[in-house]
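Student: Pasting target19.txt below, which is compact mmCIF, C-alpha atoms.
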# COMPACT_ATOMS: atom_id res chain seq x y z
CA MET A 1 15.61 -6.93 7.25
CA LYS A 2 17.71 -8.87 9.71
CA ALA A 3 18.78 -8.25 13.26
CA PHE A 4 21.89 -9.88 14.72
CA VAL A 5 21.71 -9.85 18.51
CA THR A 6 24.81 -10.73 20.55
CA VAL A 7 24.32 -11.69 24.18
CA PHE A 8 27.17 -12.11 26.66
CA CYS A 9 27.44 -12.89 30.33
CA LYS A 10 28.51 -9.82 32.27
CA GLU A 11 32.20 -9.67 33.21
CA ALA A 12 31.35 -10.12 36.88
CA VAL A 13 29.64 -13.47 36.21
CA PHE A 14 31.99 -16.44 35.83
CA ASP A 15 31.58 -18.20 32.49
CA PRO A 16 32.48 -21.89 32.97
CA GLN A 17 32.17 -22.68 29.25
CA GLY A 18 34.50 -19.87 28.25
CA HIS A 19 36.96 -20.86 30.93
CA ALA A 20 37.00 -24.48 29.72
CA LEU A 21 37.59 -23.27 26.18
CA ALA A 22 40.52 -21.12 27.23
CA VAL A 23 42.11 -24.08 29.01
CA SER A 24 41.64 -26.25 25.89
CA LEU A 25 43.04 -23.58 23.59
CA ARG A 26 46.18 -23.34 25.72
CA GLN A 27 46.47 -27.13 25.73
CA ILE A 28 46.36 -27.36 21.93
CA GLY A 29 49.17 -24.91 21.42
CA PHE A 30 47.88 -21.39 21.93
CA PRO A 31 49.67 -20.34 25.12
CA ALA A 32 48.82 -16.67 24.54
CA VAL A 33 45.13 -17.32 25.35
CA LYS A 34 44.35 -15.63 28.66
CA GLU A 35 40.63 -16.17 28.96
CA ALA A 36 37.61 -16.82 26.71
CA ARG A 37 33.93 -16.09 27.02
CA VAL A 38 31.08 -17.83 25.22
CA GLY A 39 28.08 -15.79 24.16
CA LYS A 40 25.15 -16.22 21.82
CA VAL A 41 24.28 -14.72 18.47
CA ILE A 42 20.59 -14.61 17.60
CA GLU A 43 19.61 -13.89 14.01
CA ILE A 44 16.10 -12.50 13.59
CA GLU A 45 14.38 -11.94 10.27
CA LEU A 46 11.82 -9.14 10.31
CA SER A 47 9.27 -7.87 7.82
CA SER A 48 9.64 -4.26 8.95
CA GLN A 49 10.75 -1.65 6.39
CA SER A 50 12.07 1.00 8.73
CA VAL A 51 15.45 0.61 10.39
CA SER A 52 14.55 2.88 13.28
CA GLU A 53 11.34 0.97 13.96
CA THR A 54 13.25 -2.32 13.83
CA ARG A 55 15.90 -0.96 16.15
CA ALA A 56 13.27 0.06 18.74
CA SER A 57 11.52 -3.26 18.45
CA VAL A 58 14.71 -5.36 18.77
CA GLN A 59 15.74 -3.31 21.80
CA LYS A 60 12.42 -4.32 23.42
CA MET A 61 12.92 -7.98 22.43
CA CYS A 62 16.30 -7.97 24.16
CA GLU A 63 14.92 -6.39 27.31
CA LYS A 64 11.87 -8.63 27.45
CA LEU A 65 13.31 -12.03 26.52
CA LEU A 66 16.60 -12.33 24.67
CA ALA A 67 18.88 -11.16 27.50
CA ASN A 68 18.58 -11.28 31.26
CA PRO A 69 19.90 -7.93 32.54
CA VAL A 70 20.84 -9.50 35.88
CA ILE A 71 23.61 -11.58 34.32
CA GLU A 72 23.88 -10.58 30.66
CA SER A 73 24.57 -7.64 28.41
CA PHE A 74 23.54 -7.37 24.77
CA LYS A 75 24.18 -5.46 21.57
CA PHE A 76 22.71 -5.75 18.10
CA GLU A 77 23.15 -4.78 14.48
CA ILE A 78 20.44 -4.30 11.87
CA LYS A 79 21.16 -5.28 8.27
CA GLU A 80 18.86 -4.37 5.42
CA MET B 1 -5.34 -26.34 52.61
CA LYS B 2 -5.39 -26.32 48.82
CA ALA B 3 -2.48 -26.39 46.41
CA ALA B 4 -1.99 -26.06 42.65
CA VAL B 5 0.89 -27.45 40.59
CA VAL B 6 1.65 -25.73 37.30
CA THR B 7 2.85 -27.79 34.34
CA PHE B 8 4.92 -26.17 31.61
CA PRO B 9 5.95 -27.99 28.44
CA GLY B 10 9.08 -29.81 29.62
CA SER B 11 8.24 -29.87 33.33
CA ASN B 12 9.13 -33.32 34.66
CA CYS B 13 8.68 -33.04 38.42
CA ASP B 14 5.07 -31.89 38.25
CA GLU B 15 3.75 -35.37 39.00
CA ASP B 16 6.23 -35.77 41.86
CA ALA B 17 5.04 -32.47 43.33
CA PHE B 18 1.41 -33.49 42.82
CA ASP B 19 2.03 -36.84 44.53
CA ALA B 20 4.03 -35.32 47.38
CA LEU B 21 1.22 -32.88 48.14
CA SER B 22 -1.83 -35.01 47.52
CA ARG B 23 -0.70 -38.51 48.45
CA CYS B 24 2.04 -37.95 51.04
CA LEU B 25 0.75 -34.79 52.68
CA GLY B 26 -2.99 -35.15 52.12
CA VAL B 27 -3.38 -31.71 50.53
CA ALA B 28 -6.17 -31.18 47.99
CA THR B 29 -4.14 -30.42 44.87
CA THR B 30 -5.06 -29.42 41.34
CA ARG B 31 -3.01 -29.45 38.16
CA VAL B 32 -2.82 -26.29 36.08
CA TRP B 33 -1.57 -26.06 32.49
CA HIS B 34 0.72 -23.12 31.71
CA LYS B 35 -1.49 -21.78 28.93
CA GLU B 36 -4.37 -21.23 31.32
CA THR B 37 -4.99 -18.19 33.38
CA ASN B 38 -6.33 -18.92 36.82
CA ASP B 39 -7.35 -16.67 39.67
CA PHE B 40 -6.22 -19.37 42.14
CA SER B 41 -9.21 -18.58 44.32
CA GLY B 42 -9.22 -20.74 47.43
CA VAL B 43 -5.66 -21.88 46.68
CA ASP B 44 -3.06 -21.43 49.43
CA LEU B 45 0.04 -22.69 47.67
CA VAL B 46 1.12 -22.62 44.02
CA VAL B 47 4.05 -24.86 43.08
CA LEU B 48 6.22 -24.32 40.01
CA PRO B 49 7.89 -27.72 39.57
CA GLY B 50 11.28 -28.84 38.36
CA GLY B 51 12.13 -29.94 34.86
CA PHE B 52 13.30 -28.41 31.63
CA SER B 53 10.55 -26.02 30.59
CA TYR B 54 10.83 -25.18 26.89
CA GLY B 55 13.88 -27.45 26.73
CA ASP B 56 15.90 -24.85 28.66
CA TYR B 57 16.18 -22.97 25.36
CA LEU B 58 17.75 -19.52 25.50
CA ARG B 59 18.07 -19.53 29.33
CA CYS B 60 16.54 -21.88 31.90
CA GLY B 61 13.07 -20.63 32.76
CA ALA B 62 13.19 -17.63 30.42
CA MET B 63 10.35 -18.64 28.16
CA ALA B 64 8.22 -20.23 30.87
CA ALA B 65 8.40 -16.91 32.74
CA LEU B 66 6.38 -15.41 29.87
CA SER B 67 3.68 -18.13 29.84
CA PRO B 68 0.11 -16.88 30.42
CA ILE B 69 -0.12 -18.62 33.80
CA MET B 70 2.76 -16.53 35.15
CA GLN B 71 0.59 -13.41 35.14
CA SER B 72 -1.83 -15.30 37.38
CA VAL B 73 1.06 -16.47 39.57
CA SER B 74 2.33 -12.88 39.88
CA ALA B 75 -1.11 -11.61 40.84
CA PHE B 76 -1.47 -14.44 43.37
CA ALA B 77 1.95 -13.62 44.85
CA GLU B 78 1.12 -9.93 44.98
CA ARG B 79 -1.88 -10.59 47.17
CA GLY B 80 0.24 -12.66 49.52
CA GLY B 81 -0.33 -16.20 48.20
CA PHE B 82 2.43 -18.73 48.87
CA VAL B 83 4.48 -19.62 45.79
CA LEU B 84 7.11 -22.36 45.84
CA GLY B 85 9.48 -22.80 42.90
CA ILE B 86 11.59 -25.94 42.90
CA CYS B 87 14.67 -26.22 40.67
CA ASN B 88 13.38 -25.13 37.24
CA GLY B 89 10.56 -23.45 39.19
CA PHE B 90 13.20 -21.38 41.03
CA GLN B 91 14.76 -20.45 37.68
CA ILE B 92 11.34 -19.40 36.37
CA LEU B 93 10.66 -17.24 39.47
CA CYS B 94 13.98 -15.43 38.95
CA GLU B 95 13.32 -14.94 35.24
CA ALA B 96 9.82 -13.65 36.07
CA LYS B 97 11.46 -11.21 38.53
CA LEU B 98 9.40 -12.57 41.40
CA LEU B 99 12.76 -13.37 43.01
CA PRO B 100 16.03 -11.44 42.64
CA GLY B 101 19.18 -12.84 40.99
CA ALA B 102 19.56 -15.60 38.42
CA LEU B 103 20.58 -19.26 38.12
CA THR B 104 23.56 -19.97 35.89
CA LEU B 105 25.55 -22.96 34.62
CA ASN B 106 27.19 -25.02 37.39
CA GLU B 107 30.82 -24.07 37.89
CA SER B 108 31.85 -27.67 37.04
CA ARG B 109 29.71 -27.57 33.86
CA ARG B 110 28.31 -30.93 34.98
CA PHE B 111 24.77 -31.95 35.74
CA ILE B 112 24.81 -32.88 39.45
CA CYS B 113 22.36 -35.43 40.82
CA ARG B 114 22.88 -36.41 44.47
CA ASP B 115 21.89 -35.71 48.05
CA VAL B 116 23.25 -32.54 49.65
CA VAL B 117 23.12 -31.15 53.17
CA LEU B 118 21.40 -27.79 53.55
CA LYS B 119 21.47 -25.40 56.46
CA ALA B 120 18.59 -23.14 57.41
CA ARG B 121 20.28 -19.73 57.13
CA PHE B 122 17.34 -17.61 58.24
CA VAL B 123 14.13 -19.03 59.62
CA ARG B 124 10.94 -17.57 58.19
CA SER B 125 7.30 -18.46 58.06
CA PRO B 126 5.85 -20.21 56.11
CA TRP B 127 8.83 -22.06 54.62
CA ASN B 128 11.15 -23.28 57.35
CA SER B 129 9.68 -22.08 60.63
CA LEU B 130 9.82 -25.58 62.13
CA LEU B 131 13.59 -25.64 61.66
CA GLY B 132 15.95 -23.86 64.00
CA GLN B 133 18.47 -21.46 62.54
CA GLY B 134 21.41 -23.55 61.34
CA ALA B 135 19.40 -26.80 61.37
CA ALA B 136 20.44 -29.28 58.71
CA VAL B 137 18.20 -30.90 56.09
CA THR B 138 19.35 -33.46 53.50
CA LEU B 139 17.65 -33.19 50.11
CA PRO B 140 18.48 -34.32 46.59
CA ILE B 141 19.66 -31.91 43.92
CA ALA B 142 19.44 -32.60 40.18
CA HIS B 143 20.51 -29.65 38.09
CA GLY B 144 22.94 -28.38 35.49
CA ASP B 145 22.16 -24.70 36.04
CA GLY B 146 21.99 -24.26 39.79
CA ARG B 147 24.69 -21.67 40.41
CA TYR B 148 22.83 -18.79 42.00
CA TRP B 149 24.23 -15.37 41.09
CA ILE B 150 23.43 -11.91 42.34
CA ASP B 151 25.62 -8.81 42.44
CA PRO B 152 27.30 -7.78 45.73
CA ALA B 153 24.71 -5.10 46.51
CA GLY B 154 21.91 -7.59 45.89
CA LEU B 155 23.58 -10.15 48.10
CA GLU B 156 23.92 -7.66 50.92
CA ALA B 157 20.21 -6.82 50.61
CA LEU B 158 19.32 -10.54 50.71
CA GLU B 159 21.31 -10.95 53.92
CA GLN B 160 19.97 -7.82 55.55
CA LYS B 161 16.37 -8.66 54.77
CA GLN B 162 16.90 -12.26 55.83
CA GLN B 163 15.88 -13.67 52.46
CA VAL B 164 18.45 -16.47 52.32
CA LEU B 165 16.53 -19.45 53.67
CA PHE B 166 18.90 -22.29 52.80
CA THR B 167 22.60 -22.58 52.08
CA TYR B 168 24.61 -25.64 51.04
CA GLU B 169 26.89 -27.11 53.67
CA LYS B 170 29.32 -27.95 50.85
CA ASN B 171 28.73 -25.82 47.80
CA PRO B 172 28.11 -28.20 44.85
CA ASN B 173 27.71 -25.71 42.01
CA GLY B 174 29.54 -22.46 42.76
CA SER B 175 26.50 -20.53 44.00
CA VAL B 176 27.35 -17.15 45.47
CA ALA B 177 27.45 -17.32 49.30
CA ASP B 178 26.53 -21.06 49.07
CA ILE B 179 22.92 -20.10 48.39
CA ALA B 180 20.48 -22.97 47.78
CA GLY B 181 17.17 -21.16 48.31
CA ILE B 182 15.87 -17.63 48.80
CA CYS B 183 12.54 -15.91 49.37
CA ASN B 184 11.26 -12.52 48.26
CA GLU B 185 11.26 -9.56 50.62
CA ALA B 186 7.69 -10.21 51.74
CA GLY B 187 8.58 -13.86 52.35
CA ASN B 188 5.66 -15.47 50.49
CA VAL B 189 7.60 -16.49 47.36
CA PHE B 190 10.31 -19.12 47.83
CA GLY B 191 12.65 -20.72 45.31
CA LEU B 192 15.13 -23.52 45.96
CA MET B 193 17.28 -25.75 43.80
CA PRO B 194 17.01 -28.96 45.92
CA HIS B 195 13.92 -31.13 45.56
CA PRO B 196 11.77 -31.50 48.71
CA GLU B 197 9.04 -33.15 46.62
CA ARG B 198 11.38 -36.05 45.79
CA ALA B 199 12.18 -36.68 49.46
CA VAL B 200 9.07 -35.80 51.42
CA GLU B 201 10.20 -37.44 54.65
CA GLN B 202 13.65 -35.84 54.56
CA GLY B 203 12.07 -32.48 53.79
CA ARG B 204 9.17 -33.04 56.15
CA LYS B 205 9.90 -29.99 58.28
CA ILE B 206 9.72 -27.73 55.24
CA TRP B 207 6.37 -29.17 54.18
CA ASP B 208 5.04 -29.18 57.74
CA SER B 209 6.10 -25.53 58.15
CA VAL B 210 3.96 -24.61 55.14
CA LEU B 211 1.01 -26.75 56.26
CA GLN B 212 1.10 -25.32 59.75
CA SER B 213 1.32 -21.71 58.50
CA VAL B 214 -1.66 -22.17 56.20
CA ARG B 215 -3.73 -23.83 58.91
CA SER B 216 -2.95 -21.18 61.50
CA ALA B 217 -3.77 -18.42 58.99
CA SER B 218 -7.18 -19.85 58.08
Just give me the structure as C-alpha cells.
Tutor:
Amino acid sequence: MKAFVTVFCKEAVFDPQGHALAVSLRQIGFPAVKEARVGKVIEIELSSQSVSETRASVQKMCEKLLANPVIESFKFEIKE
Amino acid sequence: MKAAVVTFPGSNCDEDAFDALSRCLGVATTRVWHKETNDFSGVDLVVLPGGFSYGDYLRCGAMAALSPIMQSVSAFAERGGFVLGICNGFQILCEAKLLPGALTLNESRRFICRDVVLKARFVRSPWNSLLGQGAAVTLPIAHGDGRYWIDPAGLEALEQKQQVLFTYEKNPNGSVADIAGICNEAGNVFGLMPHPERAVEQGRKIWDSVLQSVRSAS
C-alpha cells in the first residue's frame, strides 16, 4: 500500500520559490501565469493491509512530522 | 554557572558555542549528543547550536525536534531552565513548539552571511537585561531559512506579552515585523537567528545578561 502526501505552504505564507517560478514562466512565454506555489509530494510505502488503518496512521505522520501546521497544510491519497 | 551544548547530526556551530562559553566566558560547559537523554541537573543554560541538523531535510529543524534529547530539553524548559537556540537551534525550538511561529526560506531565496544591526525590542531577563530598550547590537547572520513567520493573531500576542527581544534594523530576510529573536511567554526559552557565539565581544551584553541572571539567581 502506498500513501502520497502533498504538503503546501499556507496561502498566507509567501512562497519565494513559487514566486520565482511564476516570474520565469512569464519570461519564457507564458504570460497567463499569475502566481505559482511549490509544494512537496512524499511517497510512503506501507506494509499495512487496511486502508482505514493506513489513513489514520498517515494522518498522524502528517501531524507529527511531515507538515508544520503553523505554515503548511497537507492532504494525502492512499493507493492499494 | 554551568552550560550544556547539544550536538545534532549536522550541527556546525556546536564547537563555536562550546568555545564561546568555556573559553571566552569561563563557563563550565559540557557537550551532549542528541541521542542521549539528560536530566540537565545542575545545568543553568542549554544551548541548541546553529548548523544544518539532518541536512535541513523536510524542513529546517523538523527532525532534530524529534531527537531524544529534545524531551529532556522540554522538561528542562518546563521547570524554568534557560534554553538558547541559535539559528538552526531557533528553528528546532519552533519545530519542537517550545517557541511559537516558524522559520521559512529567505524572501530573496539566498543564503545571507554578513553582519546585521539588531535592536532590543523588549528588554527581559535573562537574555538582554543589560541592554536598554532600543539599544543596538551588531551580530553576524548566516542563514538561508531565517524568515520568521507567525499569523497576525500570534504576532499580536508576541507584542503584547513582550516576547520580541530583537528586531533587525534593516530586515535582511523578510521576517514578519523585522523579527530576529523571540522568547517564550515565560521568558526562559530564547531563539534568535543571528550568532552571538561567533562574535562574543559584539554580543557581550547578551552573554553578560545571562551570566548575571544565573549568578543572581543562585
Student: When you draw a straight line from atom CA of Thr29 of chain B to atom CA of Val46 of chain B, how long is it in Å?
Tutor: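 Separation between atom CA of Thr29 of chain B and atom CA of Val46 of chain B: 9.4 Å.
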Student: Report as a Markdown table the residues of chain A within 10 Å of chain B, each with its shortest atom pair and distance in Å (one decimal), using only C-alpha atoms, ordered by chain and increasing residue number.
Tutor:
| residue | atom | partner | partner_atom | distance |
| --- | --- | --- | --- | --- |
| A:Cys9 | CA | B:Thr104 | CA | 9.8 |
| A:Ala12 | CA | B:Asp151 | CA | 8.1 |
| A:Val13 | CA | B:Trp149 | CA | 7.5 |
| A:Phe14 | CA | B:Glu107 | CA | 8.0 |
| A:Asp15 | CA | B:Leu105 | CA | 8.0 |
| A:Pro16 | CA | B:Glu107 | CA | 5.6 |
| A:Gln17 | CA | B:Arg109 | CA | 7.2 |
| A:His19 | CA | B:Glu107 | CA | 9.8 |
| A:Ala20 | CA | B:Arg109 | CA | 8.9 |
| A:Lys40 | CA | B:Leu58 | CA | 8.9 |
| A:Ile42 | CA | B:Leu58 | CA | 9.7 |
| A:Lys64 | CA | B:Leu66 | CA | 9.1 |
| A:Leu65 | CA | B:Ala62 | CA | 6.8 |
| A:Leu66 | CA | B:Leu58 | CA | 7.3 |
| A:Ala67 | CA | B:Arg59 | CA | 8.6 |
| A:Asn68 | CA | B:Glu95 | CA | 7.5 |
| A:Pro69 | CA | B:Ala102 | CA | 9.7 |
| A:Val70 | CA | B:Gly101 | CA | 6.3 |
| A:Ile71 | CA | B:Ala102 | CA | 7.0 |
Student: Please produce a file of those selected residues containing C-alpha atoms, as a CSV table (one decimal), in the frame of the given file.
Tutor:
chain,number,residue,atom,x,y,z
A,9,CYS,CA,27.4,-12.9,30.3
A,12,ALA,CA,31.4,-10.1,36.9
A,13,VAL,CA,29.6,-13.5,36.2
A,14,PHE,CA,32.0,-16.4,35.8
A,15,ASP,CA,31.6,-18.2,32.5
A,16,PRO,CA,32.5,-21.9,33.0
A,17,GLN,CA,32.2,-22.7,29.2
A,19,HIS,CA,37.0,-20.9,30.9
A,20,ALA,CA,37.0,-24.5,29.7
A,40,LYS,CA,25.2,-16.2,21.8
A,42,ILE,CA,20.6,-14.6,17.6
A,64,LYS,CA,11.9,-8.6,27.4
A,65,LEU,CA,13.3,-12.0,26.5
A,66,LEU,CA,16.6,-12.3,24.7
A,67,ALA,CA,18.9,-11.2,27.5
A,68,ASN,CA,18.6,-11.3,31.3
A,69,PRO,CA,19.9,-7.9,32.5
A,70,VAL,CA,20.8,-9.5,35.9
A,71,ILE,CA,23.6,-11.6,34.3
Student: Between B:Gly134, B:Gly146, B:Pro152, B:Pro9, single out the one closest to Ile179 of chain B, counting all atoms listed in the file.
Tutor: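 Looking only at the distances to Ile179 of chain B, the closest residue turns out to be B:Gly146.
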Student: Rounded to one decimal, what separation in Å do you get between atom CA of Glu36 of chain B and atom CA of Arg23 of chain B?
Tutor: 24.6 Å
Student: Within 9 Å of Gln59 of chain A, counting only C-alpha atoms, which residues show up once you throw out same-chain ones fewer than 5 positions away? Write them as a list in words, please.
Tutor: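 Result of the neighbour search: Thr54, Lys64, Lys75 and Phe76 of chain A.
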Student: I'd like the neighbourhood of Gly80 of chain B as a list in words, where a residue qualifies if any of its atoms comes within 10 Å (using all atoms listed in the file), though same-chain residues fewer than 6 positions away should be ignored.
Tutor: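 The filter keeps Asp44, Ser74, Ala186, Gly187, Asn188 and Val189 of chain B.
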Student: With only C-alpha atoms as the atoms that count, which of B:Arg121, B:Arg204, B:Arg147, B:Arg31 lies nearest to Lys2 of chain B?
Tutor: B:Arg31
Student: For Ala3 of chain A, please output as a compact mmCIF listing (two decimals) with C-alpha atoms, in the frame of the given file all residues within 6 Å (counting all atoms listed in the file; exclusion window: fewer than 6 positions along the same chain).
Tutor:
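That gives us part-v3.txt:
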# COMPACT_ATOMS: atom_id res chain seq x y z
CA GLU A 43 19.61 -13.89 14.01
CA ILE A 44 16.10 -12.50 13.59
CA GLU A 77 23.15 -4.78 14.48
CA ILE A 78 20.44 -4.30 11.87
Student: Between atom CA of Gly144 of chain B and atom CA of Lys60 of chain A, measure the distance and give it in Å to one decimal.
Tutor: 28.9 Å
Student: Could you pull the residues within 12 Å of Glu169 of chain B, counting all atoms listed in the file, minus those fewer than 2 positions along the same chain, as a PyMOL selection string?
Tutor: chain B and resi 115-121+134-139+166-167+171-173+175+177-180
